[in-house]
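Chemist: Once you've had a glance at the structure underneath, I'll fire off some questions.
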Amino acid sequence: MTYDLLIIGGGASGLAAAVTAKSLGIGKIAVLERLPRVGKKILATGNGRCNLSHTPITAENFRGSVDVAPILAEFGDVKAFFETLGLYIRTDDAGRMYPHTMAATSVLDAFRLRMREDGVEEICDAQVDSLHFTKGLWHVKTTGVDYAAPYVIFAAGGFAAPKLGTDGSAWDLLKKLDIPIVSPNPNLCPVLSDARMLRQLKGLRVKGEITLYDQDDAVRTEIGEVQFTDKALSGICVFNLSGFIDTRRFEDYFLLFDPLPELGFDIESILYTLQGTRYGMNCEEMLSGLLPKPLVRLILKNADISPDYPCSELSGQEIRRLSISSRSLTFPVKGLAGFEQAQSTRGGVPGRALDAHLQVRSHPGLYVTGEAADVHADCGGYHLHWCWASGAAAASDIARKMG
Ligand SMILES: Cc1cc2nc3c(=O)[nH]c(=O)nc-3n(C[C@H](O)[C@H](O)[C@H](O)COP(=O)(O)OP(=O)(O)OC[C@H]3O[C@@H](n4cnc5c(N)ncnc54)[C@H](O)[C@@H]3O)c2cc1C
């Protein structure tokens, strides 16, 4: 079966490419999706609400080797893009953009309704397992069916969240074409640490300031809620730090957590005040109005002070030790939670292999969009914005070439 454009993967960037291509007059288009339905991951985004972009958004929000600036510039206003699909957007105080309905289904519906209206074919249960170019056409094979087109957009995502269709196996199609790939690593995932320390903190959610250190250097600081599980630190702020850890040398990294950043340098005087107001109590009781008990116990242990020790007997030196230990809980990095728990992939087709419109330089007619390109970012809507913009960029270039 011959098409004008075949899109491998019915995720965010594939669907954005499909509606853009059609709006620019490309004739026969099919989206090939291995799962029974397109857009399964879109439905899981933003806790089912789909944080679809962010304002402001600039090239500085993205990491990886692809030059995203011209693609973001060409895409322009995300609100305008969605309004042409009949979808309206609202923005929260932090700049995160959502569909006005606050339901991810509205985003997927907007794409599917437009594709239905425009006659874009959704071919599901169609795992692509071969991709090659002969006699002027790209040949895309799924189990039992061969498709061909002069243009193919590879929008098959990365390795993150394999249950949602992306186990990374599609990258083998690119490897077989000798297209270079930056090795994949999880991004936006929990960070594994010392299980013995974490066992006592399991289930806690504590707001504070957390800094990732690479040996003696502070790499990045985040403020927010840290969630403790039996093996890992989690939460958006930890997710954002996970992308900065070099997975070849976990032993060089640690996380420093300060659960009391808002108290500034006053903590020592607060401890003296507490010693006065809770004079007859032990040290664990003295601190129980400041921090959750499991954290208090860890802080006391790190300061080498028994929880049962009468607080009235704390010396000036012990108060100082306690003030330092309560502001600097250190968690060694033992690894990253796997792709099962990650929201995106670091790695993919590098910028040097792609032209300014995401066409593979060595393979004219083949484009790489979304998470399959070497682009990653923080939580907050950046990944999806990249998916819409990159899908639209590839489709626009193909439309220009088809004249
Ligand atoms: C739980 C979760 C929450 C998230 N929340 C947000 C958020 O709120 N905001 C945000 O910006 N980002 C979020 N992200 C990240 C964002 O969803 C992804 O970066 C984005 O969806 C990637 O889009 P994509 O088009 O590159 O690939 P995907 O959306 O992953 O789609 C790829 C598609 O290709 C299909 N496919 C794979 N291999 C083949 C093959 N061989 N043949 C045919 N089809 C194939 C897959 O089944 C899949 O449907 C979240 C991610 C997760 C996992």
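Going by the structure tokens order, chains are called A, B, ..., each with residues numbered from 1, while ligands are numbered from 1 in the order shown.
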Please build the interface table for range 50-100 of chain A against range 373-383 of chain A with a cut-off of 6 Å, listing for each qualifying residue the nearest atom pair and the distance in Å to one decimal; count only C-alpha atoms, order rows by chain and increasing number, and write it as CSV.
Modeler:
residue,atom,partner,partner_atom,distance
A:Asn51,CA,A:Gly381,CA,4.9
A:Leu52,CA,A:Gly381,CA,5.0
A:Ser53,CA,A:Gly381,CA,4.0
A:His54,CA,A:Gly381,CA,5.2
A:Phe62,CA,A:Ala377,CA,4.8
A:Arg63,CA,A:His376,CA,5.3
A:Gly64,CA,A:Val375,CA,4.6
A:Ser65,CA,A:Asp374,CA,5.9
A:Arg96,CA,A:Gly380,CA,5.9
Chemist: Tell me, which residues of range 360-389 of chain A carry DSSP strand (DSSP E), written as number ranges by chain?
Modeler: A: 366-368, 375-377
Chemist: How would the residues just picked look written out with N, CA and C atoms as a PDB file, in the first residue's frame?
Modeler:
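Resulting contents of result27.pdb:
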ATOM      1  N   LEU A 366      13.544  10.557   5.628  1.00  0.00           N
ATOM      2  CA  LEU A 366      13.257   9.986   6.956  1.00  0.00           C
ATOM      3  C   LEU A 366      13.484  11.066   8.021  1.00  0.00           C
ATOM      4  N   TYR A 367      12.490  11.278   8.871  1.00  0.00           N
ATOM      5  CA  TYR A 367      12.547  12.308   9.920  1.00  0.00           C
ATOM      6  C   TYR A 367      12.419  11.643  11.300  1.00  0.00           C
ATOM      7  N   VAL A 368      13.019  12.266  12.295  1.00  0.00           N
ATOM      8  CA  VAL A 368      12.939  11.740  13.677  1.00  0.00           C
ATOM      9  C   VAL A 368      12.385  12.839  14.580  1.00  0.00           C
ATOM     10  N   VAL A 375      16.706  14.887  22.927  1.00  0.00           N
ATOM     11  CA  VAL A 375      16.198  16.106  23.576  1.00  0.00           C
ATOM     12  C   VAL A 375      15.527  15.685  24.881  1.00  0.00           C
ATOM     13  N   HIS A 376      15.846  16.354  25.967  1.00  0.00           N
ATOM     14  CA  HIS A 376      15.104  16.095  27.202  1.00  0.00           C
ATOM     15  C   HIS A 376      15.061  17.366  28.046  1.00  0.00           C
ATOM     16  N   ALA A 377      14.216  17.332  29.065  1.00  0.00           N
ATOM     17  CA  ALA A 377      13.970  18.562  29.841  1.00  0.00           C
ATOM     18  C   ALA A 377      13.479  18.206  31.244  1.00  0.00           C
TER      19      ALA A 377
END
Chemist: If you measure from atom 25 (O, counted along the ligand's line) of ligand 1 to CA of Asp93 in chain A, what distance in Å do you get, rounded to one decimal?
Modeler: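 Rounded to one decimal, the two atoms are 26.6 Å apart.
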Chemist: Would you mind listing the residues within 7 Å of ligand 1, counting only C-alpha atoms and all ligand atoms, as an MDAnalysis selection string?
Modeler: chainID A and resid 8:14 32:35 38:42 44:47 50:53 126:129 155:158 160:161 164:166 168:170 342:344 369:372 379:385 387
Chemist: From the list A:Ile7, A:Leu298, A:Leu201, A:Cys311, which residue is nearest Thr277 in chain A when using only C-alpha atoms?
Modeler: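 Looking at the shortest contact to Thr277 in chain A, the residue is A:Cys311.
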Chemist: Residues of range 176-289 of chain A classed as helix (DSSP H, G or I) by DSSP on the backbone are to be reported as an MDAnalysis selection string.
Modeler: chainID A and resid 176 195:199 236:242 250:252 261:263 267:277 283:287
Chemist: Under the rule that only C-alpha atoms are counted, which of A:Ser323, A:Ser390, A:Thr2, A:Ser234 is the nearest residue to Asp146 in chain A?
Modeler: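 The closest residue to Asp146 in chain A is A:Thr2.
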Chemist: For the atom pair CA of Pro307 in chain A and CA of Cys283 in chain A, what is the interatomic distance in Å to one decimal place?
Modeler: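 About the pair CA of Pro307 in chain A and CA of Cys283 in chain A: they are 5.2 Å apart.
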Chemist: As a compact mmCIF listing (two decimals) with C-alpha atoms, in the first residue's frame, please: the residues near Phe331 in chain A (cut-off 7 Å, only C-alpha atoms, same-chain neighbours under 6 positions excluded).
Modeler:
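Ended up saving to selection_17.txt:
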# COMPACT_ATOMS: atom_id res chain seq x y z
CA SER A 193 19.65 5.63 47.66
CA ASP A 194 20.69 3.75 50.78
CA PHE A 254 24.80 12.47 46.60
CA LEU A 255 21.63 14.37 47.46
CA LEU A 256 21.63 16.89 50.29
Chemist: Within 6 Å of Arg90 in chain A, counting only C-alpha atoms, which residues show up once you throw out same-chain ones fewer than 4 positions away? Write them as a PDB file with N, CA and C atoms, in the first residue's frame, please.
Modeler:
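Result went into part.pdb, see below:
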ATOM      1  N   MET A  97       0.747  24.583  31.375  1.00  0.00           N
ATOM      2  CA  MET A  97      -0.446  24.709  30.533  1.00  0.00           C
ATOM      3  C   MET A  97      -1.162  23.369  30.416  1.00  0.00           C
ATOM      4  N   TYR A  98      -2.476  23.444  30.499  1.00  0.00           N
ATOM      5  CA  TYR A  98      -3.329  22.243  30.463  1.00  0.00           C
ATOM      6  C   TYR A  98      -4.490  22.493  29.501  1.00  0.00           C
ATOM      7  N   HIS A 100      -8.272  23.134  28.740  1.00  0.00           N
ATOM      8  CA  HIS A 100      -9.209  23.850  29.590  1.00  0.00           C
ATOM      9  C   HIS A 100     -10.065  22.892  30.405  1.00  0.00           C
TER      10      HIS A 100
END
Chemist: Rounded to one decimal, what separation in Å do you get between CA of Leu300 in chain A and CA of Lys207 in chain A?
Modeler: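 These two atoms are separated by 19.2 Å.
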Chemist: Neighbours of Ala218 in chain A within 12 Å (only C-alpha atoms; same-chain residues fewer than 6 positions away dropped), as a list in words?
Modeler: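 Non-adjacent residues within range: Ile210, Thr211, Leu212, Leu241, Phe244, Ile245, Asp252, Tyr253, Phe254, Leu255 and Leu256 of chain A.
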Chemist: Output N, CA and C atoms for every residue in that selection, as a CSV table (one decimal), in the first residue's frame.
Modeler:
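This went into part-v3.csv:
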chain,number,residue,atom,x,y,z
A,210,ILE,N,16.4,20.5,48.0
A,210,ILE,CA,17.3,19.4,47.7
A,210,ILE,C,18.3,19.7,46.7
A,211,THR,N,19.5,19.3,47.0
A,211,THR,CA,20.6,19.7,46.0
A,211,THR,C,21.3,18.4,45.6
A,212,LEU,N,21.6,18.3,44.3
A,212,LEU,CA,22.4,17.2,43.8
A,212,LEU,C,23.9,17.7,43.8
A,241,LEU,N,16.2,16.4,39.2
A,241,LEU,CA,17.6,16.2,39.4
A,241,LEU,C,18.1,15.0,38.7
A,244,PHE,N,20.4,14.8,35.6
A,244,PHE,CA,21.8,15.4,35.7
A,244,PHE,C,22.8,14.4,36.2
A,245,ILE,N,22.4,13.1,36.5
A,245,ILE,CA,23.3,12.1,37.0
A,245,ILE,C,23.9,11.3,35.9
A,252,ASP,N,29.8,9.0,42.5
A,252,ASP,CA,30.3,10.4,42.7
A,252,ASP,C,29.2,11.3,43.2
A,253,TYR,N,27.9,10.8,43.2
A,253,TYR,CA,26.8,11.8,43.5
A,253,TYR,C,26.2,11.5,44.9
A,254,PHE,N,25.7,12.6,45.4
A,254,PHE,CA,24.8,12.5,46.6
A,254,PHE,C,23.8,13.6,46.6
A,255,LEU,N,22.7,13.4,47.3
A,255,LEU,CA,21.6,14.4,47.5
A,255,LEU,C,21.7,14.9,48.9
A,256,LEU,N,21.6,16.2,49.0
A,256,LEU,CA,21.6,16.9,50.3
A,256,LEU,C,20.3,17.5,50.5
